[in-house]
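Printed here is model.cif (mmCIF, N, CA and C atoms):
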data_start
#
loop_
_atom_site.label_atom_id
_atom_site.label_comp_id
_atom_site.auth_asym_id
_atom_site.auth_seq_id
_atom_site.Cartn_x
_atom_site.Cartn_y
_atom_site.Cartn_z
N MET A 1 -6.63 249.77 21.17
CA MET A 1 -6.54 248.47 20.51
C MET A 1 -7.85 248.11 19.84
N ARG A 2 -8.97 248.29 20.53
CA ARG A 2 -10.27 247.96 19.96
C ARG A 2 -10.59 248.88 18.79
N SER A 3 -10.26 250.16 18.91
CA SER A 3 -10.55 251.09 17.82
C SER A 3 -9.72 250.75 16.58
N THR A 4 -8.52 250.22 16.79
CA THR A 4 -7.70 249.79 15.66
C THR A 4 -8.34 248.62 14.93
N ARG A 5 -8.88 247.66 15.70
CA ARG A 5 -9.56 246.53 15.07
C ARG A 5 -10.79 246.98 14.31
N ILE A 6 -11.54 247.91 14.87
CA ILE A 6 -12.73 248.41 14.20
C ILE A 6 -12.35 249.11 12.90
N ALA A 7 -11.29 249.90 12.94
CA ALA A 7 -10.85 250.62 11.74
C ALA A 7 -10.37 249.65 10.66
N ILE A 8 -9.65 248.62 11.06
CA ILE A 8 -9.16 247.63 10.08
C ILE A 8 -10.34 246.86 9.48
N THR A 9 -11.30 246.48 10.32
CA THR A 9 -12.47 245.76 9.84
C THR A 9 -13.28 246.63 8.88
N ALA A 10 -13.46 247.89 9.22
CA ALA A 10 -14.21 248.80 8.35
C ALA A 10 -13.49 248.99 7.02
N ALA A 11 -12.17 249.09 7.05
CA ALA A 11 -11.41 249.25 5.81
C ALA A 11 -11.53 248.00 4.94
N ALA A 12 -11.46 246.82 5.56
CA ALA A 12 -11.58 245.57 4.80
C ALA A 12 -12.96 245.43 4.18
N LEU A 13 -14.00 245.73 4.94
CA LEU A 13 -15.36 245.65 4.41
C LEU A 13 -15.57 246.69 3.31
N GLY A 14 -15.01 247.86 3.47
CA GLY A 14 -15.11 248.88 2.44
C GLY A 14 -14.41 248.45 1.16
N ALA A 15 -13.27 247.78 1.30
CA ALA A 15 -12.55 247.30 0.13
C ALA A 15 -13.32 246.21 -0.59
N LEU A 16 -14.04 245.38 0.15
CA LEU A 16 -14.85 244.34 -0.47
C LEU A 16 -16.08 244.93 -1.16
N ALA A 17 -16.66 245.97 -0.58
CA ALA A 17 -17.88 246.55 -1.13
C ALA A 17 -17.60 247.47 -2.31
N LEU A 18 -16.42 248.05 -2.39
CA LEU A 18 -16.10 249.00 -3.44
C LEU A 18 -16.23 248.43 -4.85
N PRO A 19 -15.68 247.25 -5.17
CA PRO A 19 -15.85 246.72 -6.52
C PRO A 19 -17.31 246.44 -6.86
N VAL A 20 -18.10 246.02 -5.90
CA VAL A 20 -19.51 245.73 -6.14
C VAL A 20 -20.25 247.03 -6.45
N LEU A 21 -19.98 248.07 -5.68
CA LEU A 21 -20.66 249.34 -5.91
C LEU A 21 -20.24 249.97 -7.23
N SER A 22 -18.94 249.93 -7.53
CA SER A 22 -18.49 250.55 -8.77
C SER A 22 -18.96 249.78 -10.00
N ALA A 23 -19.08 248.47 -9.88
CA ALA A 23 -19.54 247.68 -11.02
C ALA A 23 -21.01 247.93 -11.32
N THR A 24 -21.82 248.12 -10.30
CA THR A 24 -23.24 248.33 -10.54
C THR A 24 -23.53 249.74 -11.01
N SER A 25 -22.78 250.72 -10.56
CA SER A 25 -23.08 252.09 -10.95
C SER A 25 -22.35 252.50 -12.23
N ALA A 26 -21.19 251.96 -12.51
CA ALA A 26 -20.40 252.40 -13.65
C ALA A 26 -20.85 251.78 -14.96
N SER A 27 -21.38 250.58 -14.92
CA SER A 27 -21.76 249.93 -16.16
C SER A 27 -23.21 249.48 -16.10
N ALA A 28 -23.78 249.29 -17.26
CA ALA A 28 -25.15 248.83 -17.34
C ALA A 28 -25.15 247.36 -17.74
N ALA A 29 -24.46 246.55 -16.95
CA ALA A 29 -24.37 245.12 -17.25
C ALA A 29 -25.72 244.46 -17.00
N PRO A 30 -26.01 243.42 -17.74
CA PRO A 30 -27.27 242.72 -17.53
C PRO A 30 -27.34 242.13 -16.13
N ALA A 31 -28.53 242.06 -15.59
CA ALA A 31 -28.72 241.56 -14.23
C ALA A 31 -28.52 240.05 -14.15
N ALA A 32 -28.56 239.35 -15.26
CA ALA A 32 -28.44 237.89 -15.23
C ALA A 32 -27.02 237.43 -14.93
N ALA A 33 -26.01 238.21 -15.26
CA ALA A 33 -24.62 237.78 -15.06
C ALA A 33 -24.29 237.61 -13.58
N PRO A 34 -24.56 238.58 -12.67
CA PRO A 34 -24.22 238.35 -11.27
C PRO A 34 -25.02 237.20 -10.66
N THR A 35 -26.26 237.04 -11.07
CA THR A 35 -27.07 235.96 -10.54
C THR A 35 -26.49 234.61 -10.95
N ALA A 36 -26.01 234.49 -12.16
CA ALA A 36 -25.43 233.23 -12.62
C ALA A 36 -24.17 232.90 -11.83
N LEU A 37 -23.35 233.92 -11.52
CA LEU A 37 -22.14 233.67 -10.75
C LEU A 37 -22.49 233.25 -9.33
N ALA A 38 -23.46 233.92 -8.72
CA ALA A 38 -23.82 233.60 -7.34
C ALA A 38 -24.44 232.22 -7.26
N SER A 39 -25.30 231.86 -8.20
CA SER A 39 -25.94 230.56 -8.12
C SER A 39 -24.94 229.44 -8.41
N SER A 40 -23.96 229.67 -9.28
CA SER A 40 -22.98 228.64 -9.56
C SER A 40 -22.10 228.37 -8.34
N CYS A 41 -21.88 229.37 -7.52
CA CYS A 41 -21.09 229.19 -6.31
C CYS A 41 -21.81 228.26 -5.34
N TYR A 42 -23.11 228.44 -5.20
CA TYR A 42 -23.88 227.60 -4.29
C TYR A 42 -24.08 226.19 -4.82
N ASP A 43 -23.99 226.02 -6.13
CA ASP A 43 -24.18 224.71 -6.74
C ASP A 43 -22.93 223.83 -6.66
N LEU A 44 -21.81 224.42 -6.31
CA LEU A 44 -20.57 223.65 -6.23
C LEU A 44 -20.63 222.65 -5.08
N PRO A 45 -19.95 221.51 -5.20
CA PRO A 45 -19.95 220.54 -4.09
C PRO A 45 -19.20 221.11 -2.90
N PRO A 46 -19.48 220.62 -1.70
CA PRO A 46 -18.79 221.12 -0.52
C PRO A 46 -17.29 220.83 -0.61
N LEU A 47 -16.52 221.67 0.02
CA LEU A 47 -15.07 221.48 0.03
C LEU A 47 -14.70 220.28 0.89
N PRO A 48 -13.57 219.65 0.59
CA PRO A 48 -13.18 218.47 1.37
C PRO A 48 -12.69 218.85 2.77
N TYR A 49 -12.68 217.87 3.65
CA TYR A 49 -12.12 218.07 4.98
C TYR A 49 -10.60 218.12 4.88
N GLU A 50 -9.97 218.82 5.81
CA GLU A 50 -8.52 218.93 5.85
C GLU A 50 -8.03 218.85 7.28
N VAL A 51 -6.80 218.39 7.44
CA VAL A 51 -6.15 218.38 8.75
C VAL A 51 -5.53 219.75 8.94
N HIS A 52 -5.90 220.42 10.02
CA HIS A 52 -5.39 221.77 10.26
C HIS A 52 -4.44 221.82 11.45
N THR A 53 -3.63 220.79 11.57
CA THR A 53 -2.56 220.71 12.54
C THR A 53 -1.48 219.83 11.92
N ALA A 54 -0.37 219.66 12.57
CA ALA A 54 0.71 218.85 11.99
C ALA A 54 0.27 217.40 11.78
N ALA A 55 -0.42 216.83 12.76
CA ALA A 55 -0.88 215.44 12.65
C ALA A 55 -2.03 215.22 13.62
N VAL A 56 -2.87 214.23 13.31
CA VAL A 56 -3.98 213.86 14.18
C VAL A 56 -4.04 212.32 14.21
N THR A 57 -4.38 211.78 15.36
CA THR A 57 -4.40 210.32 15.53
C THR A 57 -5.74 209.74 15.10
N ILE A 58 -5.69 208.66 14.34
CA ILE A 58 -6.89 207.90 13.98
C ILE A 58 -7.11 206.88 15.10
N ARG A 59 -8.31 206.86 15.67
CA ARG A 59 -8.60 206.01 16.83
C ARG A 59 -9.68 204.97 16.50
N SER A 60 -9.71 203.90 17.30
CA SER A 60 -10.66 202.81 17.07
C SER A 60 -12.07 203.19 17.50
N LYS A 61 -12.22 204.05 18.47
CA LYS A 61 -13.53 204.53 18.95
C LYS A 61 -13.49 206.05 19.02
N ALA A 62 -14.66 206.64 19.21
CA ALA A 62 -14.77 208.09 19.23
C ALA A 62 -14.45 208.65 20.61
N THR A 63 -13.32 208.23 21.18
CA THR A 63 -12.83 208.77 22.45
C THR A 63 -11.32 208.91 22.37
N SER A 64 -10.79 209.82 23.13
CA SER A 64 -9.34 210.04 23.11
C SER A 64 -8.58 208.95 23.86
N ASN A 65 -9.29 208.10 24.62
CA ASN A 65 -8.64 207.01 25.36
C ASN A 65 -8.60 205.71 24.59
N SER A 66 -9.17 205.66 23.40
CA SER A 66 -9.21 204.41 22.63
C SER A 66 -7.88 204.15 21.93
N THR A 67 -7.77 202.98 21.35
CA THR A 67 -6.54 202.53 20.70
C THR A 67 -6.24 203.35 19.45
N ALA A 68 -4.98 203.73 19.30
CA ALA A 68 -4.56 204.47 18.11
C ALA A 68 -4.33 203.50 16.96
N LEU A 69 -4.93 203.80 15.80
CA LEU A 69 -4.81 202.94 14.63
C LEU A 69 -3.86 203.50 13.58
N GLY A 70 -3.67 204.80 13.60
CA GLY A 70 -2.82 205.44 12.61
C GLY A 70 -2.74 206.93 12.84
N ILE A 71 -2.09 207.61 11.92
CA ILE A 71 -1.91 209.06 12.02
C ILE A 71 -2.26 209.69 10.68
N LEU A 72 -2.98 210.78 10.72
CA LEU A 72 -3.23 211.60 9.53
C LEU A 72 -2.34 212.82 9.60
N TYR A 73 -1.55 213.03 8.57
CA TYR A 73 -0.73 214.23 8.51
C TYR A 73 -1.44 215.27 7.66
N ARG A 74 -0.91 216.45 7.66
CA ARG A 74 -1.54 217.57 6.97
C ARG A 74 -1.81 217.29 5.50
N SER A 75 -0.97 216.58 4.81
CA SER A 75 -1.13 216.38 3.37
C SER A 75 -1.94 215.13 3.01
N HIS A 76 -2.30 214.30 3.97
CA HIS A 76 -3.04 213.07 3.68
C HIS A 76 -4.45 213.37 3.19
N LYS A 77 -4.91 212.52 2.28
CA LYS A 77 -6.29 212.60 1.79
C LYS A 77 -7.13 211.59 2.56
N PHE A 78 -8.35 211.97 2.90
CA PHE A 78 -9.23 211.05 3.61
C PHE A 78 -10.67 211.34 3.29
N THR A 79 -11.52 210.34 3.53
CA THR A 79 -12.94 210.43 3.26
C THR A 79 -13.69 210.37 4.59
N VAL A 80 -14.66 211.25 4.77
CA VAL A 80 -15.48 211.25 5.98
C VAL A 80 -16.76 210.49 5.68
N HIS A 81 -17.08 209.49 6.53
CA HIS A 81 -18.27 208.68 6.33
C HIS A 81 -19.43 209.13 7.21
N LYS A 82 -19.14 209.44 8.47
CA LYS A 82 -20.21 209.88 9.38
C LYS A 82 -19.61 210.69 10.52
N LYS A 83 -20.50 211.36 11.25
CA LYS A 83 -20.10 212.17 12.39
C LYS A 83 -20.82 211.69 13.64
N SER A 84 -20.15 211.79 14.77
CA SER A 84 -20.75 211.48 16.06
C SER A 84 -20.24 212.52 17.05
N GLY A 85 -21.07 213.51 17.32
CA GLY A 85 -20.64 214.61 18.17
C GLY A 85 -19.54 215.39 17.47
N ASN A 86 -18.39 215.48 18.13
CA ASN A 86 -17.25 216.19 17.54
C ASN A 86 -16.26 215.23 16.88
N TRP A 87 -16.64 213.99 16.68
CA TRP A 87 -15.76 212.98 16.09
C TRP A 87 -16.23 212.62 14.70
N LEU A 88 -15.28 212.31 13.81
CA LEU A 88 -15.57 211.95 12.43
C LEU A 88 -15.02 210.55 12.14
N TYR A 89 -15.86 209.69 11.54
CA TYR A 89 -15.40 208.37 11.13
C TYR A 89 -14.86 208.51 9.71
N ILE A 90 -13.59 208.19 9.52
CA ILE A 90 -12.91 208.47 8.25
C ILE A 90 -12.21 207.23 7.71
N THR A 91 -11.83 207.33 6.44
CA THR A 91 -10.94 206.35 5.81
C THR A 91 -9.77 207.12 5.22
N ASP A 92 -8.57 206.75 5.64
CA ASP A 92 -7.36 207.34 5.09
C ASP A 92 -7.17 206.77 3.69
N ARG A 93 -7.16 207.61 2.67
CA ARG A 93 -7.08 207.13 1.28
C ARG A 93 -5.71 206.54 0.93
N THR A 94 -4.66 206.98 1.60
CA THR A 94 -3.33 206.48 1.26
C THR A 94 -3.05 205.12 1.88
N THR A 95 -3.55 204.87 3.10
CA THR A 95 -3.26 203.61 3.78
C THR A 95 -4.46 202.69 3.90
N GLY A 96 -5.67 203.22 3.74
CA GLY A 96 -6.88 202.42 3.86
C GLY A 96 -7.35 202.23 5.29
N VAL A 97 -6.69 202.86 6.26
CA VAL A 97 -7.06 202.73 7.67
C VAL A 97 -8.38 203.46 7.91
N LYS A 98 -9.29 202.78 8.62
CA LYS A 98 -10.58 203.38 8.98
C LYS A 98 -10.61 203.59 10.48
N GLY A 99 -11.15 204.71 10.91
CA GLY A 99 -11.24 204.99 12.33
C GLY A 99 -11.81 206.37 12.59
N TRP A 100 -11.72 206.79 13.83
CA TRP A 100 -12.29 208.05 14.28
C TRP A 100 -11.20 209.10 14.51
N VAL A 101 -11.46 210.34 14.11
CA VAL A 101 -10.56 211.46 14.40
C VAL A 101 -11.37 212.57 15.04
N SER A 102 -10.71 213.37 15.84
CA SER A 102 -11.37 214.47 16.52
C SER A 102 -11.64 215.62 15.55
N GLY A 103 -12.85 216.16 15.59
CA GLY A 103 -13.22 217.29 14.75
C GLY A 103 -12.55 218.58 15.17
N THR A 104 -11.85 218.57 16.30
CA THR A 104 -11.12 219.76 16.73
C THR A 104 -9.97 220.07 15.79
N TYR A 105 -9.38 219.05 15.22
CA TYR A 105 -8.20 219.21 14.37
C TYR A 105 -8.49 218.98 12.89
N VAL A 106 -9.64 218.42 12.58
CA VAL A 106 -10.02 218.11 11.21
C VAL A 106 -11.36 218.77 10.93
N TYR A 107 -11.39 219.64 9.94
CA TYR A 107 -12.67 220.27 9.61
C TYR A 107 -12.71 220.67 8.15
N ARG A 108 -13.90 220.91 7.69
CA ARG A 108 -14.13 221.26 6.29
C ARG A 108 -13.85 222.74 6.07
N ASP A 109 -13.13 223.04 5.00
CA ASP A 109 -12.94 224.43 4.64
C ASP A 109 -14.26 225.02 4.16
N VAL A 110 -14.38 226.33 4.27
CA VAL A 110 -15.62 227.01 3.94
C VAL A 110 -15.43 227.85 2.68
N ARG A 111 -16.39 227.78 1.80
CA ARG A 111 -16.39 228.61 0.60
C ARG A 111 -17.35 229.76 0.84
N MET A 112 -16.92 230.98 0.58
CA MET A 112 -17.77 232.14 0.77
C MET A 112 -18.30 232.61 -0.57
N CYS A 113 -19.61 232.66 -0.71
CA CYS A 113 -20.25 233.10 -1.95
C CYS A 113 -20.80 234.51 -1.74
N LEU A 114 -20.34 235.44 -2.53
CA LEU A 114 -20.81 236.82 -2.42
C LEU A 114 -21.91 237.05 -3.44
N ASP A 115 -23.00 237.59 -2.99
CA ASP A 115 -24.13 237.88 -3.89
C ASP A 115 -23.99 239.24 -4.54
#
Output the file's structure in the form of C-alpha cells.
Amino acid sequence: MRSTRIAITAAALGALALPVLSATSASAAPAAAPTALASSCYDLPPLPYEVHTAAVTIRSKATSNSTALGILYRSHKFTVHKKSGNWLYITDRTTGVKGWVSGTYVYRDVRMCLD
C-alpha cells in the first residue's frame, strides 16, 4: 500500500516537472516570461474563504455553546473581519448577519504558484 502511494506521488511529480523541463530545454524562450508569470501569481489578491461542508452555524460568540444567529451554506458569500484562535468573525453578505463561525469548516482556498 505504501509503495503504491510512493509510486503515484512520484508519477504525479514527474508529470508536473516534465512540461517545465521540456520547455526550458526545447526552446530558447526569454528568461523574462516565466518570471513575469510567477510574479503575477504572487501579486494576485488572496482567495476568498469558503464553506467546505454542507452548512455551518453563525454564533454570537467564539464558542460552540453560544447562541446561534444563522447558518452559512456552501454557496453563501461572506466577509471575514477578524480571527480569534480557530474562530472567524464574519458578515453573511446575503442576510447581513454578523457573528462567529468555526475555522474547522470555513477556510481560505490556496493558490499554488509554480516558479
Next item on the list: Apply the PyMOL selection byres ((chain A and resi 76-87) around 6.5) to the structure shown and report the selected residues as a PyMOL selection string.
Entry: chain A and resi 62+72-75+88-94+100-104
Next item on the list: Would you mind listing what lies within 8 Å of Pro46 of chain A as a PyMOL selection string, with all atoms listed in the file counted and same-chain residues fewer than 3 positions away left out?
Entry: chain A and resi 42-43+49+108-111
For those residues, write N, CA and C atoms to a file as a PDB file, in the frame of the given file.
ATOM      1  N   TYR A  42     -23.110 228.440  -5.200  1.00  0.00           N
ATOM      2  CA  TYR A  42     -23.880 227.600  -4.290  1.00  0.00           C
ATOM      3  C   TYR A  42     -24.080 226.190  -4.820  1.00  0.00           C
ATOM      4  N   ASP A  43     -23.990 226.020  -6.130  1.00  0.00           N
ATOM      5  CA  ASP A  43     -24.180 224.710  -6.740  1.00  0.00           C
ATOM      6  C   ASP A  43     -22.930 223.830  -6.660  1.00  0.00           C
ATOM      7  N   TYR A  49     -12.680 217.870   3.650  1.00  0.00           N
ATOM      8  CA  TYR A  49     -12.120 218.070   4.980  1.00  0.00           C
ATOM      9  C   TYR A  49     -10.600 218.120   4.880  1.00  0.00           C
ATOM     10  N   ARG A 108     -13.900 220.910   7.690  1.00  0.00           N
ATOM     11  CA  ARG A 108     -14.130 221.260   6.290  1.00  0.00           C
ATOM     12  C   ARG A 108     -13.850 222.740   6.070  1.00  0.00           C
ATOM     13  N   ASP A 109     -13.130 223.040   5.000  1.00  0.00           N
ATOM     14  CA  ASP A 109     -12.940 224.430   4.640  1.00  0.00           C
ATOM     15  C   ASP A 109     -14.260 225.020   4.160  1.00  0.00           C
ATOM     16  N   VAL A 110     -14.380 226.330   4.270  1.00  0.00           N
ATOM     17  CA  VAL A 110     -15.620 227.010   3.940  1.00  0.00           C
ATOM     18  C   VAL A 110     -15.430 227.850   2.680  1.00  0.00           C
ATOM     19  N   ARG A 111     -16.390 227.780   1.800  1.00  0.00           N
ATOM     20  CA  ARG A 111     -16.390 228.610   0.600  1.00  0.00           C
ATOM     21  C   ARG A 111     -17.350 229.760   0.840  1.00  0.00           C
TER      22      ARG A 111
END
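What separates atom C of Leu44 of chain A from atom C of Tyr105 of chain A is a distance of 22.0 Å.
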Next item on the list: Kindly indicate which residue among A:Leu47, A:Leu114, A:Val106, A:Val56 lies nearest to Ala68 of chain A, using only C-alpha atoms for the distances.
Entry: A:Val56
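The coordinates place atom N of Gly99 of chain A at 5.9 Å from atom N of Arg59 of chain A.
If you look at atom N of Ala54 of chain A and atom C of Thr95 of chain A, they are 19.5 Å away from each other.
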Checklist line | Nearest candidate to Gly70 of chain A (options A:Val97, A:Cys113, A:Tyr107, A:Pro45; using all atoms listed in the file) | finding: A:Val97
Notebook entry, point to check: So which bits of segment 46-106 of chain A end up strand (DSSP E or B) when you DSSP the backbone, as a PyMOL selection string?
Noted result: chain A and resi 49-51+55-59+68-73+78-84+87-92+98-102+106
Would you mind exporting N, CA and C atoms of the selected residues as a compact mmCIF listing (two decimals), in the coordinates of the input?
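Below you can see part05.txt, which holds the result:
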# COMPACT_ATOMS: atom_id res chain seq x y z
N TYR A 49 -12.68 217.87 3.65
CA TYR A 49 -12.12 218.07 4.98
C TYR A 49 -10.60 218.12 4.88
N GLU A 50 -9.97 218.82 5.81
CA GLU A 50 -8.52 218.93 5.85
C GLU A 50 -8.03 218.85 7.28
N VAL A 51 -6.80 218.39 7.44
CA VAL A 51 -6.15 218.38 8.75
C VAL A 51 -5.53 219.75 8.94
N ALA A 55 -0.42 216.83 12.76
CA ALA A 55 -0.88 215.44 12.65
C ALA A 55 -2.03 215.22 13.62
N VAL A 56 -2.87 214.23 13.31
CA VAL A 56 -3.98 213.86 14.18
C VAL A 56 -4.04 212.32 14.21
N THR A 57 -4.38 211.78 15.36
CA THR A 57 -4.40 210.32 15.53
C THR A 57 -5.74 209.74 15.10
N ILE A 58 -5.69 208.66 14.34
CA ILE A 58 -6.89 207.90 13.98
C ILE A 58 -7.11 206.88 15.10
N ARG A 59 -8.31 206.86 15.67
CA ARG A 59 -8.60 206.01 16.83
C ARG A 59 -9.68 204.97 16.50
N ALA A 68 -4.98 203.73 19.30
CA ALA A 68 -4.56 204.47 18.11
C ALA A 68 -4.33 203.50 16.96
N LEU A 69 -4.93 203.80 15.80
CA LEU A 69 -4.81 202.94 14.63
C LEU A 69 -3.86 203.50 13.58
N GLY A 70 -3.67 204.80 13.60
CA GLY A 70 -2.82 205.44 12.61
C GLY A 70 -2.74 206.93 12.84
N ILE A 71 -2.09 207.61 11.92
CA ILE A 71 -1.91 209.06 12.02
C ILE A 71 -2.26 209.69 10.68
N LEU A 72 -2.98 210.78 10.72
CA LEU A 72 -3.23 211.60 9.53
C LEU A 72 -2.34 212.82 9.60
N TYR A 73 -1.55 213.03 8.57
CA TYR A 73 -0.73 214.23 8.51
C TYR A 73 -1.44 215.27 7.66
N PHE A 78 -8.35 211.97 2.90
CA PHE A 78 -9.23 211.05 3.61
C PHE A 78 -10.67 211.34 3.29
N THR A 79 -11.52 210.34 3.53
CA THR A 79 -12.94 210.43 3.26
C THR A 79 -13.69 210.37 4.59
N VAL A 80 -14.66 211.25 4.77
CA VAL A 80 -15.48 211.25 5.98
C VAL A 80 -16.76 210.49 5.68
N HIS A 81 -17.08 209.49 6.53
CA HIS A 81 -18.27 208.68 6.33
C HIS A 81 -19.43 209.13 7.21
N LYS A 82 -19.14 209.44 8.47
CA LYS A 82 -20.21 209.88 9.38
C LYS A 82 -19.61 210.69 10.52
N LYS A 83 -20.50 211.36 11.25
CA LYS A 83 -20.10 212.17 12.39
C LYS A 83 -20.82 211.69 13.64
N SER A 84 -20.15 211.79 14.77
CA SER A 84 -20.75 211.48 16.06
C SER A 84 -20.24 212.52 17.05
N TRP A 87 -16.64 213.99 16.68
CA TRP A 87 -15.76 212.98 16.09
C TRP A 87 -16.23 212.62 14.70
N LEU A 88 -15.28 212.31 13.81
CA LEU A 88 -15.57 211.95 12.43
C LEU A 88 -15.02 210.55 12.14
N TYR A 89 -15.86 209.69 11.54
CA TYR A 89 -15.40 208.37 11.13
C TYR A 89 -14.86 208.51 9.71
N ILE A 90 -13.59 208.19 9.52
CA ILE A 90 -12.91 208.47 8.25
C ILE A 90 -12.21 207.23 7.71
N THR A 91 -11.83 207.33 6.44
CA THR A 91 -10.94 206.35 5.81
C THR A 91 -9.77 207.12 5.22
N ASP A 92 -8.57 206.75 5.64
CA ASP A 92 -7.36 207.34 5.09
C ASP A 92 -7.17 206.77 3.69
N LYS A 98 -9.29 202.78 8.62
CA LYS A 98 -10.58 203.38 8.98
C LYS A 98 -10.61 203.59 10.48
N GLY A 99 -11.15 204.71 10.91
CA GLY A 99 -11.24 204.99 12.33
C GLY A 99 -11.81 206.37 12.59
N TRP A 100 -11.72 206.79 13.83
CA TRP A 100 -12.29 208.05 14.28
C TRP A 100 -11.20 209.10 14.51
N VAL A 101 -11.46 210.34 14.11
CA VAL A 101 -10.56 211.46 14.40
C VAL A 101 -11.37 212.57 15.04
N SER A 102 -10.71 213.37 15.84
CA SER A 102 -11.37 214.47 16.52
C SER A 102 -11.64 215.62 15.55
N VAL A 106 -9.64 218.42 12.58
CA VAL A 106 -10.02 218.11 11.21
C VAL A 106 -11.36 218.77 10.93
